[in-house]
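Have a look at the structure below, then the notes.
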Amino acid sequence: MTPGILDRSRTVAPPGWSRWLVPPAALSVHLSIGQAYAWSVFKPPLESTLGLSGTASALPFQLGIVMLGLSAAFGGTLVERRGPRWAMAVSLVCFSSGFLLAALGAYTEQFWLVVLGYGFVGGIGLGIGYISPVSTLIKWFPDRPGMATGIAIMGFGGGALIASPWSARMLEEFGEDSGGIAAAFLVHGLVYAVFMALGVLLVRVPAEGWRPAGWEPPKESRALVTTAQVSARNAVRTPQFWCLWVVLCMNVTAGIGILEKAAPMITDFFADTSTPVSASAAAGFVALLSLANMAGRLLWSSASDVIGRKNVYRVYLGVGALMYLLIWQAGDASKPLFVCCALVILSFYGGGFATVPAYLKDLFGTYQVGAIHGRLLTAWSTAGVLGPLIVNWVADSQEDAGRSGRGLYGLSLGIMIALLAVGFVANELVRPVHPRHHEPTTAKEEADEPDGQRTA
C-alpha cells in the first residue's frame with residue numbers, strides 16, 4: 001500500500017534539504033495556537049451578549065489550558081510514533097474545528113458549544129500542536145537544541161501579539177453581538193487552518209545518518225548531557241523527571257503571577273503615589289510583558305546552549321526570586337524599577353518553557369523526548385491554576401482586610417519567592433539518570449535513525 005502524505009516515511013528530507021526550513025514550519029503552528037493568550041479580547045463581548053460572569057467567560061480558556069496539558073501528556077507517545085506531519089495535521093484539524101464549533105455556539109447563543117469547541121476540541125489541538133515539532137527540531141539541531149526549540153516555542157508566546165489586535169479589529173468590523181463574535185471565530189478557524197497547513201506540508205525529518213556539517217556527537221556523557229536513551233515510560237519513574245516537573249511548575253507559577261494580574265497590579269502599586277498609572281499605560285505595560293515573554297524564549301534558550309541547562313535555570317529561579325523581592329520592597333518607589341523587574345521575570349517565564357525540551361534531551365536522550373515533554377507539561381496545567389489563584393485570592397483577602405496599593409500584593413509576592421526557592425532546590429537535585437533506566441543499545445540506534453525508518 002502506498003503510504004499517505006502524513007506517513008513518517010513521506011517526511012524524510014531529501015539530500016540538500018536545509019534544516020533552517022524546519023523552524024518556520026514549527027512557527028506556523030506555534031504562532032497559530034499562541035492565539036490562546038489573546039482569549040481575553042473575546043471575554044467582554046461574550047459577557048455582554050450572553051449575560052456571562054467573568055468567571056464563566058474564562059471557562060473556554062481554562063479548559064483549553066487543561067486540555068493542552070492532558071493531550072500533551074497522553075498523546076506524546078503517539079506523536080513520537082506517527083511523526084511531526086501527522087501531529088501538526090491533527091493539531092490543525094482540532095484547533096480550527098474548535099473555532100468553528102465556537103462560532104456555531106456564539107451564533108446560536110449556546111455557550112456550552114463555545115466551551116466545548118474552543119476549550120475541549122481546540123485544547124487538544126493546543127497540546128498536540130505544542131509538542132509536535134520538539135523532537136524533530138532537536139534531531140535537526142543536535143548542536144544547538146536550545147536555540148532550535150526556542151525559535152518554535154517563541155511563536156507560542158508571540159501568537160497573542162498578532163491575534164489580539166487582529167481579533168479586536170474584527171470585532172469592530174463585524175460587531176460585538178452574537179453574529180459578530182461568530183463571524184470572528186469563523187475567520188479565525190479558516191485562516192489558522194491555511195496558515196498551519198504550511199507547516200504540515202513543509203516539515204521534514206532528517207535522513208539516516210544525517211548530522212550538521214563539522215559536528216560530531218559526543219563519545220561519552222559529560223556533566224548532565226547523556227549519550228544514552230530513556231523511554232517515556234522509564235523517564236517518569238526517575239527523580240530527575242519529577243525534579244524538573246517541580247522546577248517548571250514553580251517557574252511558570254511565578255511568571256503567571258505577574259502575567260495574569262499585570263494591568264491591575266501596576267495600577268495598584270502606583271495608585272497612592274504622585275504618579276498614578278493610566279489605563280492606556282497599563283495596557284502598554286501588558287504589551288511589553290508579552291514581548292519579554294516572547295524574546296526570553298529565544299534569548300535564554302540559546303544561552304543555555306552555551307552555559308548549560310542547569311545553570312540557566314539557576315538564573316531563572318535565583319534571579320527571578322531577587323526580582324520579586326525588589327518589586328515587593330521597592331516596587332512603588334520607581335516605575336522603571338517595577339517595569340524592568342517584571343520584564344526580567346516574564347523573560348524567565350518564557351525562557352523556562354523554551355529551555356525545558358533541551359534539558360530533557362540532555363537527561364533522557366532523543367529516543368522519546370517529545371513524549372517525555374508532553375508528560376512534563378502537566379506542570380503547566382497545575383501552574384495555570386496555582387498562579388492566578390494565589391495572586392487573586394491573596395489580593396482579595398488583603399483588600400477585605402483594608403489594605404490597598406502595594407499592600408495588596410506583599411503576601412503573594414512573598415509566596416512567589418518561596419516557590420522559586422523550592423524550584424531552585426529541585427534544580428540543584430538534578431543528577432545524571434541512573435543507567436538502570438537506560439534503554440538497550442538497539443533503542444539508542446533507533447533514536448539515531450530517521451523517523452521514517454524507525455518502527456514503534
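Ordered as shown in the C-alpha cells, chains take letters A, B, and onward, while each chain numbers its residues from 1 and ligands are numbered from 1 in the order shown.
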
Residues of range 42-286 of chain A in alpha helix (DSSP H), written as a PyMOL selection string: chain A and resi 43-50+54-57+59-82+84-108+111-114+122-131+134-140+145-174+178-202+232-235+239-259+262-269+279-286

What's the 9 Å shell around range 32-49 of chain A, counting only C-alpha atoms, without same-chain residues fewer than 4 positions away, as an mmCIF file with C-alpha atoms, in the first residue's frame?
data_model
loop_
_atom_site.group_PDB
_atom_site.id
_atom_site.type_symbol
_atom_site.label_atom_id
_atom_site.label_comp_id
_atom_site.auth_asym_id
_atom_site.auth_seq_id
_atom_site.Cartn_x
_atom_site.Cartn_y
_atom_site.Cartn_z
ATOM 1 C CA LEU A 27 6.467 28.532 13.885
ATOM 2 C CA SER A 28 3.438 28.307 11.603
ATOM 3 C CA SER A 53 -19.929 36.416 34.558
ATOM 4 C CA GLY A 54 -16.185 36.995 34.338
ATOM 5 C CA ALA A 56 -17.875 31.881 33.255
ATOM 6 C CA SER A 57 -16.340 33.689 30.274
ATOM 7 C CA ALA A 58 -12.910 32.376 31.301
ATOM 8 C CA PRO A 60 -13.101 28.168 27.406
ATOM 9 C CA PHE A 61 -9.553 29.392 28.067
ATOM 10 C CA GLY A 64 -8.147 24.810 26.797
ATOM 11 C CA ILE A 65 -5.065 25.028 29.050
ATOM 12 C CA SER A 91 -3.445 19.987 15.672
ATOM 13 C CA PHE A 95 -7.682 23.798 16.659
ATOM 14 C CA ALA A 106 -21.813 32.109 19.547
ATOM 15 C CA GLU A 109 -26.043 31.766 21.769
ATOM 16 C CA PHE A 111 -22.261 28.998 25.403
ATOM 17 C CA GLY A 122 -9.341 23.318 20.460
ATOM 18 C CA GLY A 125 -5.126 20.947 19.188
ATOM 19 C CA LEU A 126 -3.131 23.178 21.534
ATOM 20 C CA GLY A 129 0.493 21.227 18.281
ATOM 21 C CA TYR A 130 2.688 22.448 21.122
ATOM 22 C CA GLY A 155 5.950 31.603 18.446
ATOM 23 C CA PHE A 156 3.539 30.440 21.125
ATOM 24 C CA GLY A 157 4.500 33.374 23.325
ATOM 25 C CA GLY A 158 4.203 35.810 20.426
ATOM 26 C CA GLY A 159 0.976 34.500 18.962
ATOM 27 C CA ALA A 160 -1.094 36.898 21.049
ATOM 28 C CA LEU A 161 0.776 39.908 19.647
ATOM 29 C CA ILE A 162 -0.796 39.071 16.286
ATOM 30 C CA ALA A 163 -4.108 37.680 17.498
ATOM 31 C CA SER A 164 -5.032 40.435 19.978
ATOM 32 C CA PRO A 165 -5.163 43.418 17.585
ATOM 33 C CA SER A 167 -9.338 39.892 16.902
ATOM 34 C CA ALA A 168 -10.159 43.357 18.224
ATOM 35 C CA LEU A 171 -14.970 42.633 16.412
ATOM 36 C CA GLU A 176 -19.798 42.591 19.265
ATOM 37 C CA ASP A 177 -23.173 40.865 19.154
ATOM 38 C CA SER A 178 -23.558 37.096 18.753
ATOM 39 C CA ILE A 181 -18.441 37.126 17.560
ATOM 40 C CA TYR A 192 -5.409 29.452 11.011
ATOM 41 C CA ALA A 193 -6.182 26.262 9.071
ATOM 42 C CA PHE A 195 -1.509 29.032 7.940
ATOM 43 C CA MET A 196 -0.949 25.795 9.877
#

Residue neighbourhood range 137-154 of chain A, 8 Å, only C-alpha atoms, exclusion window fewer than 4 positions, as a PyMOL selection string: chain A and resi 19+22-24+26-27+30+130+133+158+205-206+211-212+215+294-299+301-305+350-351+353-355+357-358+361+366

Nearest to Ile256 in chain A, chosen from A:Ala25, A:Leu346, A:Cys243, A:Ala281, with only C-alpha atoms counted in the distances: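 Once distances to Ile256 in chain A are computed over only C-alpha atoms, the minimum belongs to A:Leu346.
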
Selected residue of minimal separation from Ala333 in chain A among A:His373, A:Arg406, A:Lys310, A:Arg85, counting only C-alpha atoms: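 That would be A:Arg406, the residue with the smallest distance to Ala333 in chain A.
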
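Distance annotation: of A:Gly370, A:Gly179, A:Pro336, A:Gly352, the residue with the minimal separation from Asn293 in chain A is A:Gly352; atom set is only C-alpha atoms.
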
Using only C-alpha atoms: which of A:Thr273, A:Ala103, A:Met170, A:Val200 has the shortest distance to Asp7 in chain A: A:Val200

Leu63 in chain A surroundings by only C-alpha atoms, 10 Å radius, close-in-sequence under 2 positions cut, as a ChimeraX atom specification: /A:58-61,65-68,115-116,118-124,381

Generate a file of the selected residues that holds all heavy atoms, formatted as a compact mmCIF listing (two decimals), in the first residue's frame.
# COMPACT_ATOMS: atom_id res chain seq x y z
N ALA A 58 -14.28 32.90 31.31
CA ALA A 58 -12.91 32.38 31.30
C ALA A 58 -12.87 30.86 31.10
O ALA A 58 -11.80 30.30 30.86
CB ALA A 58 -12.21 32.73 32.61
N LEU A 59 -14.02 30.19 31.15
CA LEU A 59 -14.05 28.73 31.08
C LEU A 59 -13.43 28.16 29.80
O LEU A 59 -12.69 27.17 29.86
CB LEU A 59 -15.49 28.23 31.23
CG LEU A 59 -16.04 28.18 32.65
CD1 LEU A 59 -17.52 27.76 32.63
CD2 LEU A 59 -15.23 27.21 33.51
N PRO A 60 -13.73 28.73 28.61
CA PRO A 60 -13.10 28.17 27.41
C PRO A 60 -11.58 28.19 27.48
O PRO A 60 -10.92 27.20 27.12
CB PRO A 60 -13.63 29.07 26.28
CG PRO A 60 -14.92 29.59 26.80
CD PRO A 60 -14.68 29.80 28.27
N PHE A 61 -11.01 29.30 27.95
CA PHE A 61 -9.55 29.39 28.07
C PHE A 61 -9.02 28.41 29.10
O PHE A 61 -8.03 27.71 28.86
CB PHE A 61 -9.15 30.82 28.43
CG PHE A 61 -7.69 30.96 28.77
CD1 PHE A 61 -6.74 31.00 27.76
CD2 PHE A 61 -7.27 31.04 30.09
CE1 PHE A 61 -5.38 31.13 28.07
CE2 PHE A 61 -5.92 31.16 30.41
CZ PHE A 61 -4.97 31.20 29.40
N ILE A 65 -6.38 25.24 28.44
CA ILE A 65 -5.06 25.03 29.05
C ILE A 65 -5.01 23.66 29.72
O ILE A 65 -3.99 22.96 29.66
CB ILE A 65 -4.75 26.14 30.06
CG1 ILE A 65 -4.63 27.49 29.33
CG2 ILE A 65 -3.47 25.84 30.83
CD1 ILE A 65 -3.53 27.53 28.29
N VAL A 66 -6.10 23.27 30.37
CA VAL A 66 -6.14 21.93 30.98
C VAL A 66 -5.99 20.85 29.91
O VAL A 66 -5.21 19.90 30.06
CB VAL A 66 -7.45 21.73 31.78
CG1 VAL A 66 -7.60 20.27 32.20
CG2 VAL A 66 -7.47 22.63 33.01
N MET A 67 -6.72 21.00 28.81
CA MET A 67 -6.64 20.01 27.74
C MET A 67 -5.28 20.03 27.05
O MET A 67 -4.82 19.00 26.54
CB MET A 67 -7.75 20.25 26.71
CG MET A 67 -9.16 19.98 27.21
SD MET A 67 -9.33 18.35 27.97
CE MET A 67 -8.87 17.28 26.60
N LEU A 68 -4.65 21.20 27.02
CA LEU A 68 -3.28 21.27 26.49
C LEU A 68 -2.38 20.32 27.25
O LEU A 68 -1.66 19.50 26.66
CB LEU A 68 -2.76 22.71 26.58
CG LEU A 68 -1.39 23.02 25.95
CD1 LEU A 68 -1.29 24.51 25.65
CD2 LEU A 68 -0.22 22.62 26.84
N VAL A 115 -17.58 26.56 24.86
CA VAL A 115 -16.68 25.87 25.79
C VAL A 115 -16.19 24.56 25.20
O VAL A 115 -14.99 24.24 25.23
CB VAL A 115 -17.38 25.62 27.14
CG1 VAL A 115 -16.48 24.83 28.08
CG2 VAL A 115 -17.79 26.94 27.79
N LEU A 116 -17.12 23.80 24.61
CA LEU A 116 -16.76 22.51 24.01
C LEU A 116 -15.79 22.71 22.84
O LEU A 116 -14.78 22.00 22.72
CB LEU A 116 -18.02 21.80 23.52
CG LEU A 116 -17.80 20.49 22.74
CD1 LEU A 116 -17.20 19.41 23.65
CD2 LEU A 116 -19.11 20.00 22.13
N TYR A 118 -13.90 25.66 21.67
CA TYR A 118 -12.62 26.33 21.93
C TYR A 118 -11.85 25.63 23.04
O TYR A 118 -10.63 25.45 22.93
CB TYR A 118 -12.87 27.78 22.33
CG TYR A 118 -11.60 28.60 22.41
CD1 TYR A 118 -11.15 29.33 21.31
CD2 TYR A 118 -10.85 28.64 23.59
CE1 TYR A 118 -9.98 30.08 21.38
CE2 TYR A 118 -9.68 29.39 23.66
CZ TYR A 118 -9.25 30.10 22.56
OH TYR A 118 -8.08 30.83 22.63
N GLY A 119 -12.54 25.22 24.10
CA GLY A 119 -11.86 24.66 25.25
C GLY A 119 -11.44 23.21 25.09
O GLY A 119 -10.27 22.87 25.24
N PHE A 120 -12.41 22.34 24.76
CA PHE A 120 -12.12 20.91 24.72
C PHE A 120 -11.45 20.50 23.40
O PHE A 120 -10.32 20.01 23.39
CB PHE A 120 -13.40 20.10 24.93
CG PHE A 120 -13.16 18.62 25.01
CD1 PHE A 120 -12.71 18.05 26.18
CD2 PHE A 120 -13.39 17.81 23.91
CE1 PHE A 120 -12.47 16.68 26.25
CE2 PHE A 120 -13.16 16.45 23.96
CZ PHE A 120 -12.69 15.87 25.15
N VAL A 121 -12.14 20.72 22.28
CA VAL A 121 -11.59 20.30 20.98
C VAL A 121 -10.36 21.14 20.63
O VAL A 121 -9.31 20.61 20.26
CB VAL A 121 -12.66 20.42 19.88
CG1 VAL A 121 -12.08 20.03 18.52
CG2 VAL A 121 -13.87 19.55 20.21
N GLY A 122 -10.49 22.46 20.75
CA GLY A 122 -9.34 23.32 20.46
C GLY A 122 -8.18 23.08 21.41
O GLY A 122 -7.01 23.17 21.01
N GLY A 123 -8.49 22.76 22.68
CA GLY A 123 -7.42 22.48 23.64
C GLY A 123 -6.60 21.26 23.28
O GLY A 123 -5.39 21.23 23.53
N ILE A 124 -7.24 20.25 22.69
CA ILE A 124 -6.49 19.09 22.20
C ILE A 124 -5.53 19.53 21.10
O ILE A 124 -4.37 19.09 21.05
CB ILE A 124 -7.46 18.01 21.69
CG1 ILE A 124 -8.30 17.45 22.85
CG2 ILE A 124 -6.69 16.88 20.99
CD1 ILE A 124 -9.38 16.50 22.42
N SER A 381 -0.23 22.86 33.39
CA SER A 381 -1.64 22.86 33.75
C SER A 381 -1.82 23.18 35.24
O SER A 381 -2.71 23.93 35.63
CB SER A 381 -2.27 21.50 33.42
OG SER A 381 -2.24 21.26 32.03

Contacts of Glu80 in chain A at 10 Å (only C-alpha atoms; same-chain gap of 6+ positions) as a list in words: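 With the cut-off at 10 Å, the set is Trp86, Ala87, Ile131, Ser132, Pro133, Val134, Ser135, Thr136, Tyr367, Gln368, Val369, Gly370, Ala371, Ile372, Asp451 and Ala456 of chain A.
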
Next, dump the selected residues to file, keeping only all heavy atoms, as a short mmCIF file (atom, residue, chain, number, x, y, z; two decimals), in the first residue's frame.
data_model
loop_
_atom_site.label_atom_id
_atom_site.label_comp_id
_atom_site.auth_asym_id
_atom_site.auth_seq_id
_atom_site.Cartn_x
_atom_site.Cartn_y
_atom_site.Cartn_z
N TRP A 86 2.00 14.25 10.88
CA TRP A 86 0.73 13.75 11.39
C TRP A 86 0.27 14.58 12.57
O TRP A 86 -0.90 14.97 12.66
CB TRP A 86 0.88 12.28 11.80
CG TRP A 86 -0.36 11.70 12.42
CD1 TRP A 86 -1.41 11.11 11.78
CD2 TRP A 86 -0.69 11.68 13.82
NE1 TRP A 86 -2.36 10.71 12.68
CE2 TRP A 86 -1.94 11.06 13.95
CE3 TRP A 86 -0.03 12.13 14.97
CZ2 TRP A 86 -2.56 10.87 15.18
CZ3 TRP A 86 -0.64 11.95 16.21
CH2 TRP A 86 -1.90 11.32 16.29
N ALA A 87 1.20 14.87 13.50
CA ALA A 87 0.83 15.63 14.70
C ALA A 87 0.37 17.03 14.36
O ALA A 87 -0.62 17.54 14.91
CB ALA A 87 2.03 15.68 15.66
N ILE A 131 3.63 20.19 21.24
CA ILE A 131 4.76 19.25 21.30
C ILE A 131 5.15 18.69 19.94
O ILE A 131 6.18 18.02 19.83
CB ILE A 131 4.44 18.08 22.26
CG1 ILE A 131 3.27 17.25 21.76
CG2 ILE A 131 4.20 18.59 23.67
CD1 ILE A 131 3.03 15.99 22.57
N SER A 132 4.35 18.97 18.90
CA SER A 132 4.58 18.32 17.60
C SER A 132 5.97 18.52 17.03
O SER A 132 6.54 17.58 16.45
CB SER A 132 3.51 18.78 16.59
OG SER A 132 3.57 20.17 16.37
N PRO A 133 6.61 19.71 17.13
CA PRO A 133 7.91 19.86 16.46
C PRO A 133 9.11 19.60 17.35
O PRO A 133 10.24 19.67 16.88
CB PRO A 133 7.88 21.33 16.04
CG PRO A 133 7.12 22.01 17.13
CD PRO A 133 6.12 20.99 17.65
N VAL A 134 8.91 19.33 18.65
CA VAL A 134 10.01 19.36 19.60
C VAL A 134 11.11 18.35 19.26
O VAL A 134 12.28 18.71 19.08
CB VAL A 134 9.50 19.14 21.04
CG1 VAL A 134 10.66 18.92 22.00
CG2 VAL A 134 8.68 20.34 21.49
N SER A 135 10.76 17.06 19.19
CA SER A 135 11.81 16.06 18.96
C SER A 135 12.43 16.22 17.58
O SER A 135 13.62 15.96 17.39
CB SER A 135 11.24 14.65 19.13
OG SER A 135 10.24 14.37 18.17
N THR A 136 11.65 16.66 16.60
CA THR A 136 12.17 16.86 15.25
C THR A 136 13.20 17.98 15.22
O THR A 136 14.27 17.85 14.59
CB THR A 136 11.03 17.17 14.27
OG1 THR A 136 10.08 16.10 14.30
CG2 THR A 136 11.56 17.34 12.85
N TYR A 367 15.41 9.64 22.24
CA TYR A 367 14.59 8.49 21.88
C TYR A 367 13.09 8.80 21.90
O TYR A 367 12.39 8.63 20.91
CB TYR A 367 14.93 7.34 22.83
CG TYR A 367 14.12 6.08 22.65
CD1 TYR A 367 13.82 5.57 21.39
CD2 TYR A 367 13.67 5.38 23.76
CE1 TYR A 367 13.10 4.40 21.23
CE2 TYR A 367 12.95 4.21 23.62
CZ TYR A 367 12.66 3.72 22.36
OH TYR A 367 11.94 2.57 22.22
N GLN A 368 12.58 9.31 23.05
CA GLN A 368 11.16 9.67 23.17
C GLN A 368 11.02 11.02 23.87
O GLN A 368 10.12 11.21 24.68
CB GLN A 368 10.40 8.58 23.93
CG GLN A 368 10.28 7.28 23.16
CD GLN A 368 9.38 6.26 23.84
OE1 GLN A 368 9.14 6.31 25.05
NE2 GLN A 368 8.87 5.32 23.06
N VAL A 369 11.88 11.97 23.49
CA VAL A 369 11.90 13.24 24.20
C VAL A 369 10.59 14.01 24.02
O VAL A 369 10.14 14.71 24.94
CB VAL A 369 13.10 14.10 23.74
CG1 VAL A 369 12.97 14.54 22.29
CG2 VAL A 369 13.30 15.30 24.66
N GLY A 370 9.93 13.85 22.87
CA GLY A 370 8.64 14.52 22.68
C GLY A 370 7.59 14.01 23.62
O GLY A 370 6.80 14.78 24.19
N ALA A 371 7.56 12.70 23.81
CA ALA A 371 6.59 12.11 24.73
C ALA A 371 6.88 12.50 26.18
O ALA A 371 5.96 12.76 26.96
CB ALA A 371 6.61 10.59 24.58
N ILE A 372 8.15 12.54 26.53
CA ILE A 372 8.53 12.95 27.88
C ILE A 372 8.14 14.41 28.11
O ILE A 372 7.61 14.79 29.17
CB ILE A 372 10.04 12.75 28.10
CG1 ILE A 372 10.41 11.27 27.95
CG2 ILE A 372 10.46 13.25 29.48
CD1 ILE A 372 11.91 11.01 27.89
N ASP A 451 13.05 9.32 11.31
CA ASP A 451 11.73 8.98 11.82
C ASP A 451 11.00 8.04 10.88
O ASP A 451 10.20 7.22 11.29
CB ASP A 451 10.90 10.25 12.03
CG ASP A 451 11.42 11.06 13.21
OD1 ASP A 451 12.24 10.51 13.96
OD2 ASP A 451 11.01 12.23 13.34
N ALA A 456 7.67 1.46 15.65
CA ALA A 456 7.23 1.74 17.01
C ALA A 456 7.60 0.58 17.93
O ALA A 456 7.64 -0.56 17.53
CB ALA A 456 5.72 1.92 17.02
#

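Interatomic distance, CA of Gly76 in chain A to CA of Leu363 in chain A: 17.5 Å.
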
Spatial neighbours of Gly69 in chain A, 7 Å, only C-alpha atoms, chain gap at least 4 places, as number ranges by chain: A: 65, 73, 127, 377-378, 380-381

Pick from A:Trp210, A:Trp328, A:Tyr409, A:Tyr313, whichever lies nearest to Met250 in chain A using only C-alpha atoms: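 Smallest distance to Met250 in chain A is found for A:Tyr313.
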
Between CA of Gly331 in chain A and CA of Tyr349 in chain A - distance in Å to one decimal: 19.4 Å

For CA of Leu190 in chain A and CA of Met88 in chain A, the interatomic separation in Å (one decimal): 15.7 Å
